[in-house]
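Okay, entry_35.pdb is below, PDB, C-alpha atoms and all ligand atoms:
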```
ATOM      1  CA  MET A   1      76.073 -46.873-140.306
ATOM      2  CA  ARG A   2      73.273 -49.413-140.227
ATOM      3  CA  THR A   3      73.794 -49.767-136.474
ATOM      4  CA  PHE A   4      73.505 -46.012-135.997
ATOM      5  CA  ALA A   5      70.255 -45.864-138.027
ATOM      6  CA  ALA A   6      68.807 -48.674-135.944
ATOM      7  CA  PHE A   7      69.788 -46.817-132.752
ATOM      8  CA  LEU A   8      68.148 -43.628-134.055
ATOM      9  CA  ALA A   9      64.903 -45.475-134.865
ATOM     10  CA  LEU A  10      64.902 -46.996-131.378
ATOM     11  CA  ALA A  11      65.518 -43.596-129.774
ATOM     12  CA  VAL A  12      62.580 -42.042-131.660
ATOM     13  CA  VAL A  13      60.300 -44.867-130.511
ATOM     14  CA  ALA A  14      61.577 -44.534-126.933
ATOM     15  CA  THR A  15      60.992 -40.789-126.734
ATOM     16  CA  GLY A  16      57.575 -40.890-128.431
ATOM     17  CA  PRO A  17      54.329 -41.670-126.595
ATOM     18  CA  ALA A  18      54.452 -45.000-124.779
ATOM     19  CA  PHE A  19      52.655 -47.865-126.501
ATOM     20  CA  GLY A  20      48.942 -47.753-125.699
ATOM     21  CA  GLN A  21      49.020 -44.060-124.692
ATOM     22  CA  SER A  22      47.541 -41.362-126.886
ATOM     23  CA  PRO A  23      49.884 -38.558-127.967
ATOM     24  CA  LYS A  24      49.697 -35.308-125.988
ATOM     25  CA  SER A  25      46.658 -33.316-127.078
ATOM     26  CA  THR A  26      47.289 -29.853-128.522
ATOM     27  CA  ALA A  27      43.569 -29.056-128.556
ATOM     28  CA  GLU A  28      43.443 -27.664-124.997
ATOM     29  CA  PRO A  29      46.811 -26.104-124.226
ATOM     30  CA  ALA A  30      48.231 -24.664-121.021
ATOM     31  CA  GLY A  31      46.141 -21.864-119.590
ATOM     32  CA  HIS A  32      43.255 -22.667-121.915
ATOM     33  CA  VAL A  33      44.643 -20.517-124.704
ATOM     34  CA  PRO A  34      44.390 -22.165-128.131
ATOM     35  CA  PRO A  35      47.810 -22.651-129.809
ATOM     36  CA  ALA A  36      47.053 -20.231-132.659
ATOM     37  CA  ILE A  37      46.168 -17.453-130.197
ATOM     38  CA  ARG A  38      49.206 -18.220-128.022
ATOM     39  CA  HIS A  39      51.317 -17.786-131.131
ATOM     40  CA  ILE A  40      49.739 -14.397-131.940
ATOM     41  CA  LEU A  41      50.164 -13.181-128.354
ATOM     42  CA  ALA A  42      53.827 -14.245-128.400
ATOM     43  CA  SER A  43      54.463 -12.517-131.714
ATOM     44  CA  ILE A  44      52.879  -9.261-130.443
ATOM     45  CA  ARG A  45      55.210  -9.386-127.418
ATOM     46  CA  ALA A  46      58.242 -10.181-129.601
ATOM     47  CA  ALA A  47      57.537  -7.128-131.809
ATOM     48  CA  ASP A  48      56.687  -4.848-128.864
ATOM     49  CA  LYS A  49      59.951  -2.890-128.672
ATOM     50  CA  GLY A  50      58.337  -0.062-126.695
ATOM     51  CA  GLN A  51      56.957  -2.545-124.138
ATOM     52  CA  LEU A  52      53.473  -1.145-124.538
ATOM     53  CA  ALA A  53      51.547  -4.355-123.955
ATOM     54  CA  VAL A  54      50.467  -5.411-120.481
ATOM     55  CA  SER A  55      52.328  -8.322-118.926
ATOM     56  CA  GLU A  56      51.044 -11.829-119.574
ATOM     57  CA  GLU A  57      50.007 -12.049-115.902
ATOM     58  CA  ASP A  58      47.916  -8.892-116.280
ATOM     59  CA  GLY A  59      46.409 -10.260-119.497
ATOM     60  CA  ARG A  60      45.352 -13.462-117.786
ATOM     61  CA  PHE A  61      43.907 -11.444-114.913
ATOM     62  CA  LEU A  62      41.880  -9.249-117.303
ATOM     63  CA  ARG A  63      40.487 -12.314-119.032
ATOM     64  CA  ALA A  64      39.431 -13.947-115.766
ATOM     65  CA  LEU A  65      37.953 -10.692-114.456
ATOM     66  CA  VAL A  66      35.892 -10.086-117.596
ATOM     67  CA  ALA A  67      34.578 -13.651-117.468
ATOM     68  CA  SER A  68      33.928 -13.765-113.718
ATOM     69  CA  THR A  69      32.056 -10.452-113.636
ATOM     70  CA  ASN A  70      29.971 -11.576-116.621
ATOM     71  CA  ALA A  71      30.821  -8.282-118.329
ATOM     72  CA  LYS A  72      28.927  -7.724-121.546
ATOM     73  CA  ARG A  73      29.896  -4.204-122.593
ATOM     74  CA  VAL A  74      33.610  -3.539-122.231
ATOM     75  CA  LEU A  75      35.613  -0.465-123.244
ATOM     76  CA  GLU A  76      39.395  -0.280-123.565
ATOM     77  CA  ILE A  77      41.197   3.037-123.936
ATOM     78  CA  GLY A  78      44.596   2.411-125.568
ATOM     79  CA  ALA A  79      44.657  -0.739-127.713
ATOM     80  CA  ALA A  80      48.263  -0.557-128.998
ATOM     81  CA  SER A  81      48.645  -3.780-131.036
ATOM     82  CA  GLY A  82      45.739  -5.616-129.444
ATOM     83  CA  TYR A  83      47.515  -7.712-126.787
ATOM     84  CA  SER A  84      45.248  -6.880-123.849
ATOM     85  CA  GLY A  85      42.277  -6.735-126.226
ATOM     86  CA  ILE A  86      42.853 -10.364-127.184
ATOM     87  CA  TRP A  87      42.967 -11.427-123.520
ATOM     88  CA  MET A  88      39.723  -9.573-122.782
ATOM     89  CA  GLY A  89      38.201 -10.946-125.995
ATOM     90  CA  LEU A  90      38.865 -14.459-124.684
ATOM     91  CA  GLY A  91      37.008 -13.558-121.482
ATOM     92  CA  LEU A  92      34.127 -12.138-123.491
ATOM     93  CA  ARG A  93      33.831 -15.398-125.399
ATOM     94  CA  GLU A  94      32.588 -16.837-122.112
ATOM     95  CA  THR A  95      30.079 -14.060-121.443
ATOM     96  CA  GLY A  96      28.767 -13.385-124.935
ATOM     97  CA  GLY A  97      29.823  -9.753-124.571
ATOM     98  CA  ARG A  98      31.701  -7.267-126.768
ATOM     99  CA  LEU A  99      34.770  -5.041-126.452
ATOM    100  CA  VAL A 100      35.307  -1.681-128.101
ATOM    101  CA  THR A 101      38.969  -0.664-127.988
ATOM    102  CA  ILE A 102      40.206   2.767-129.095
ATOM    103  CA  GLU A 103      43.730   3.465-130.393
ATOM    104  CA  TYR A 104      45.123   6.899-131.271
ATOM    105  CA  ASP A 105      48.037   5.748-133.447
ATOM    106  CA  PRO A 106      46.692   4.733-136.900
ATOM    107  CA  ALA A 107      49.417   2.126-137.621
ATOM    108  CA  ARG A 108      48.922   0.491-134.206
ATOM    109  CA  ALA A 109      45.150   0.513-134.689
ATOM    110  CA  ARG A 110      45.583  -1.340-137.996
ATOM    111  CA  GLU A 111      47.917  -3.830-136.327
ATOM    112  CA  ALA A 112      45.467  -4.371-133.471
ATOM    113  CA  ALA A 113      42.604  -5.018-135.897
ATOM    114  CA  ALA A 114      44.749  -7.485-137.891
ATOM    115  CA  ASN A 115      45.894  -9.333-134.746
ATOM    116  CA  ILE A 116      42.356  -9.530-133.392
ATOM    117  CA  LYS A 117      41.109 -10.850-136.716
ATOM    118  CA  ALA A 118      43.913 -13.430-136.837
ATOM    119  CA  ALA A 119      42.940 -14.517-133.317
ATOM    120  CA  GLY A 120      39.401 -15.155-134.550
ATOM    121  CA  LEU A 121      37.974 -12.468-132.279
ATOM    122  CA  ALA A 122      36.808  -9.905-134.846
ATOM    123  CA  ASP A 123      33.168 -10.640-134.025
ATOM    124  CA  ILE A 124      33.837  -9.802-130.357
ATOM    125  CA  VAL A 125      36.427  -7.001-130.430
ATOM    126  CA  GLN A 126      36.020  -3.799-132.443
ATOM    127  CA  VAL A 127      39.021  -1.493-132.879
ATOM    128  CA  ILE A 128      38.260   2.200-133.336
ATOM    129  CA  PRO A 129      41.173   4.293-134.626
ATOM    130  CA  GLY A 130      41.426   7.814-133.228
ATOM    131  CA  ASP A 131      41.388   9.888-130.060
ATOM    132  CA  ALA A 132      39.353   8.268-127.298
ATOM    133  CA  PHE A 133      38.391  11.721-125.942
ATOM    134  CA  ALA A 134      36.580  12.330-129.242
ATOM    135  CA  HIS A 135      35.143   8.820-129.707
ATOM    136  CA  ILE A 136      33.825   7.968-126.242
ATOM    137  CA  PRO A 137      31.056  10.614-126.300
ATOM    138  CA  ARG A 138      29.861   9.053-129.593
ATOM    139  CA  LEU A 139      29.511   5.567-128.084
ATOM    140  CA  GLU A 140      26.051   4.706-126.827
ATOM    141  CA  GLY A 141      25.062   3.261-123.470
ATOM    142  CA  SER A 142      26.994   2.282-120.372
ATOM    143  CA  PHE A 143      30.020   0.037-119.781
ATOM    144  CA  ASP A 144      30.160  -2.951-117.438
ATOM    145  CA  LEU A 145      33.940  -2.806-117.400
ATOM    146  CA  VAL A 146      36.437  -0.184-118.574
ATOM    147  CA  PHE A 147      40.181  -0.782-118.955
ATOM    148  CA  LEU A 148      42.217   2.433-119.172
ATOM    149  CA  ASP A 149      45.749   2.070-120.574
ATOM    150  CA  ALA A 150      46.451   5.311-122.458
ATOM    151  CA  TRP A 151      48.784   8.264-121.725
ATOM    152  CA  LYS A 152      49.156   8.349-117.939
ATOM    153  CA  PRO A 153      48.714  12.122-117.309
ATOM    154  CA  ASP A 154      45.302  11.836-119.031
ATOM    155  CA  TYR A 155      43.950   9.266-116.567
ATOM    156  CA  LYS A 156      42.015  11.751-114.395
ATOM    157  CA  ARG A 157      40.349  13.305-117.465
ATOM    158  CA  PHE A 158      39.341   9.855-118.708
ATOM    159  CA  PHE A 159      38.025   8.928-115.261
ATOM    160  CA  ASP A 160      35.879  12.088-115.168
ATOM    161  CA  LEU A 161      34.575  11.343-118.663
ATOM    162  CA  VAL A 162      33.891   7.615-118.309
ATOM    163  CA  PHE A 163      33.198   6.752-114.660
ATOM    164  CA  PRO A 164      29.678   8.297-114.778
ATOM    165  CA  ARG A 165      28.983   5.863-117.649
ATOM    166  CA  VAL A 166      30.121   2.731-115.799
ATOM    167  CA  THR A 167      27.113   0.541-114.994
ATOM    168  CA  PRO A 168      26.364   0.688-111.250
ATOM    169  CA  GLY A 169      28.025  -2.481-109.924
ATOM    170  CA  GLY A 170      30.583  -2.330-112.763
ATOM    171  CA  LEU A 171      34.344  -1.809-112.752
ATOM    172  CA  PHE A 172      36.737   0.903-113.915
ATOM    173  CA  LEU A 173      40.285  -0.497-114.222
ATOM    174  CA  ALA A 174      43.484   1.405-114.896
ATOM    175  CA  HIS A 175      46.930   0.058-115.740
ATOM    176  CA  ASN A 176      50.421   1.019-114.460
ATOM    177  CA  VAL A 177      49.132   2.469-111.193
ATOM    178  CA  ILE A 178      52.212   1.119-109.370
ATOM    179  CA  ASN A 179      55.131   1.483-111.790
ATOM    180  CA  LYS A 180      53.913   4.863-113.152
ATOM    181  CA  LYS A 181      52.080   6.206-110.113
ATOM    182  CA  SER A 182      54.046   9.481-110.140
ATOM    183  CA  GLU A 183      52.440  10.370-113.503
ATOM    184  CA  MET A 184      48.841  10.107-112.265
ATOM    185  CA  GLY A 185      48.604  11.551-108.754
ATOM    186  CA  ASP A 186      45.327  13.385-109.452
ATOM    187  CA  PHE A 187      43.720  10.192-110.790
ATOM    188  CA  LEU A 188      44.840   8.093-107.815
ATOM    189  CA  ALA A 189      43.390  10.699-105.428
ATOM    190  CA  ALA A 190      40.095  10.723-107.357
ATOM    191  CA  ILE A 191      39.576   6.945-107.257
ATOM    192  CA  GLU A 192      40.204   6.956-103.502
ATOM    193  CA  THR A 193      37.845   9.817-102.694
ATOM    194  CA  HIS A 194      34.989   9.673-105.219
ATOM    195  CA  PRO A 195      31.766   9.016-103.255
ATOM    196  CA  GLN A 196      30.623   6.280-105.667
ATOM    197  CA  ALA A 197      33.998   4.538-105.866
ATOM    198  CA  LEU A 198      35.414   1.582-103.955
ATOM    199  CA  THR A 199      39.012   1.041-105.050
ATOM    200  CA  SER A 200      41.569  -1.687-104.574
ATOM    201  CA  ILE A 201      44.982  -1.952-106.232
ATOM    202  CA  VAL A 202      46.170  -5.347-107.348
ATOM    203  CA  SER A 203      49.374  -6.430-109.026
ATOM    204  CA  PRO A 204      49.159  -9.677-110.974
ATOM    205  CA  GLY A 205      52.373  -8.658-112.805
ATOM    206  CA  HIS A 206      54.581  -5.786-111.570
ATOM    207  CA  GLU A 207      52.760  -2.809-113.117
ATOM    208  CA  GLY A 208      49.674  -2.543-110.935
ATOM    209  CA  ILE A 209      45.996  -2.371-111.837
ATOM    210  CA  SER A 210      43.491  -0.214-109.971
ATOM    211  CA  MET A 211      40.030  -1.744-109.690
ATOM    212  CA  THR A 212      37.336   0.777-108.936
ATOM    213  CA  TYR A 213      33.900  -0.620-108.257
ATOM    214  CA  ARG A 214      31.037   1.734-109.017
ATOM    215  CA  ARG A 215      28.657   1.540-106.069
ATOM    216  CA  ARG A 216      25.029   0.830-106.808
TER     217      ARG A 216
HETATM  218  C1  LIG B   1      50.424   1.256-123.058
HETATM  219  S1  LIG B   1      49.780   1.282-124.662
HETATM  220  C2  LIG B   1      48.389   0.204-124.587
HETATM  221  C3  LIG B   1      48.755  -1.255-124.487
HETATM  222  C4  LIG B   1      47.592  -2.214-124.659
HETATM  223  N1  LIG B   1      46.544  -1.933-123.703
HETATM  224  C5  LIG B   1      48.038  -3.643-124.497
HETATM  225  O1  LIG B   1      48.230  -4.080-123.353
HETATM  226  O2  LIG B   1      48.245  -4.318-125.500
HETATM  227  C6  LIG B   1      49.006   2.855-124.696
HETATM  228  C7  LIG B   1      48.341   3.185-126.017
HETATM  229  O3  LIG B   1      47.394   4.221-125.777
HETATM  230  C8  LIG B   1      47.308   4.996-126.936
HETATM  231  N2  LIG B   1      46.687   6.280-126.569
HETATM  232  C9  LIG B   1      47.224   7.274-125.830
HETATM  233  N3  LIG B   1      46.343   8.282-125.701
HETATM  234  C10 LIG B   1      45.218   7.917-126.391
HETATM  235  C11 LIG B   1      43.968   8.527-126.654
HETATM  236  N4  LIG B   1      43.695   9.748-126.179
HETATM  237  N5  LIG B   1      43.066   7.856-127.386
HETATM  238  C12 LIG B   1      43.334   6.609-127.862
HETATM  239  N6  LIG B   1      44.516   5.984-127.651
HETATM  240  C13 LIG B   1      45.433   6.620-126.917
HETATM  241  C14 LIG B   1      48.747   5.097-127.408
HETATM  242  O4  LIG B   1      48.825   5.434-128.784
HETATM  243  C15 LIG B   1      49.282   3.699-127.086
HETATM  244  O5  LIG B   1      49.252   2.858-128.209
END
```
File written out as structure tokens:
Amino acid sequence: MRTFAAFLALAVVATGPAFGQSPKSTAEPAGHVPPAIRHILASIRAADKGQLAVSEEDGRFLRALVASTNAKRVLEIGAASGYSGIWMGLGLRETGGRLVTIEYDPARAREAAANIKAAGLADIVQVIPGDAFAHIPRLEGSFDLVFLDAWKPDYKRFFDLVFPRVTPGGLFLAHNVINKKSEMGDFLAAIETHPQALTSIVSPGHEGISMTYRRR
């Protein structure tokens, strides 16, 4: 028994950090997402039975896009439980900007607000419960970046409502333009033909994101 205990102690020493090396830091984790936020993102995904949240690849893309365009005023239509909102909130930490995200379902809106608060992003991301068609006209000013992820047949109506309020030089993004393209034919035609729109479709995950640049 004593021999086994000695072996165990040796094994722990052997598998721990080598002498003279510092233990692995948990302060700056993979992908520059703090551990507490990684945990929240993972728990949102684990509870997401309806697979509402964007893929992790799309989340990372949204974060990088928000940061790289130096977006300050961001609007999301369709928050669900706050997964994409947290990714964009991380991007806005770099720019000093703010996100307003609107969610129709009251329980999901509460969940989104709680998850965003737990992620330490409540000063950056505001969740508005209710119908985005009713709330958007009450918001002031223009938007540097809009992320549309609501009911797909509504996309064209949202584009008509919001694109005129995108800052010239800003971006209007929409989710699921590949895997749900049959539900939004009128929207896809509009973003290709609008005289002020330059559109490209990218697919960081498998769902597809349209990126429509509003010409200056
Ligand atoms: C695909 S989920 C959004 C997922 C979220 N963007 C994420 O990645 O975590 C779509 C959400 O849009 C909401 N929604 C649909 N129509 C809406 C509307 N008119 N106003 C606000 N929210 C709406 C739905 O209740 C649903 O929670």
- Around ligand LIG 1 (chain B), at most 7 Å away and counting all atoms listed in the file, which residues are there? Put them as an NGL selection string, please. :A and (52-54 or 77-85 or 102-105 or 108 or 130-133 or 149-151)
- Message: One number please: atom CA of A:Ser200 to atom CA of A:Val166, in Å, one decimal.
- Response: 16.6 Å
- Task: Would you translate the PyMOL selection byres (((chain A and resi 188) around 12) and not hetatm) into the concrete set of residues it matches in this file, as a ChimeraX atom specification?
- Result: /A:152-157,159,173-178,180-187,189-194,197,199-201,209-212
At a cut-off of 9 Å, can you tabulate as a Markdown table every residue of stretch 102-200 of chain A near stretch 35-49 of chain A together with its closest atom pair and the distance in Å to one decimal, using all atoms listed in the file and ordering rows by chain then number?
```
| residue | atom | partner | partner_atom | distance |
| --- | --- | --- | --- | --- |
| A:Asn115 | CA | A:Ile40 | CA | 6.9 |
| A:Ile116 | CA | A:Ile40 | CA | 9.0 |
| A:Ala118 | CA | A:Ile40 | CA | 7.7 |
| A:Ala119 | CA | A:Ile37 | CA | 5.4 |
| A:Gly120 | CA | A:Ile37 | CA | 8.4 |
```
- If you apply the PyMOL selection byres (((chain A and resi 97) around 9) and not hetatm) to this file, what residues do you get, as a ChimeraX atom specification? /A:70-74,89,91-96,98-99,124
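Using all atoms listed in the file for every distance, the candidate list A:Val100, A:Val146, A:Ile86, A:Leu161 yields A:Ile86 as the residue closest to A:Lys117.
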- Message: Could you tell me how far atom CA of A:Thr101 sits from atom CA of A:Gln196, in Å to one decimal place?
- Response: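 Taking atom CA of A:Gln196 as the start and atom CA of A:Thr101 as the end point, the length is 24.8 Å.
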- Å distance separating atom CA of A:Val202 from atom CA of A:Gly31, one decimal place: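 We find that atom CA of A:Val202 and atom CA of A:Gly31 lie 20.6 Å from each other.
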Which centre and which edge lengths, in Å to one decimal, describe the axis-aligned box that holds all listed atoms of stretch 36-50 of chain A after 3 Å is added on each side, as AutoDock Vina command-line options?
```
--center_x 53.1 --center_y -10.1 --center_z -129.7 --size_x 19.8 --size_y 26.2 --size_z 12.0
```
- For A:Ala112, the nearest of the candidates A:Val127, A:Leu171, A:Leu62, A:Leu198, counting all atoms listed in the file: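 Ranked by minimum distance to A:Ala112, first place goes to A:Val127.
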- Task: For the structure provided, state which residues fall under the PyMOL selection byres (((chain A and resi 141) around 10) and not hetatm), and present them as a list in words.
- Result: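 This file, filtered by the PyMOL selection byres (((chain A and resi 141) around 10) and not hetatm), leaves Arg73, Pro137, Arg138, Leu139, Glu140, Ser142, Phe143, Arg165, Val166 and Thr167 of chain A.
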- Message: Here is a test: counting all atoms listed in the file, which residue of A:Phe158, A:Ala67, A:Ala134, A:Asp58 is nearest to A:Phe172?
- Response: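 Closest to A:Phe172, using all atoms listed in the file: A:Phe158.
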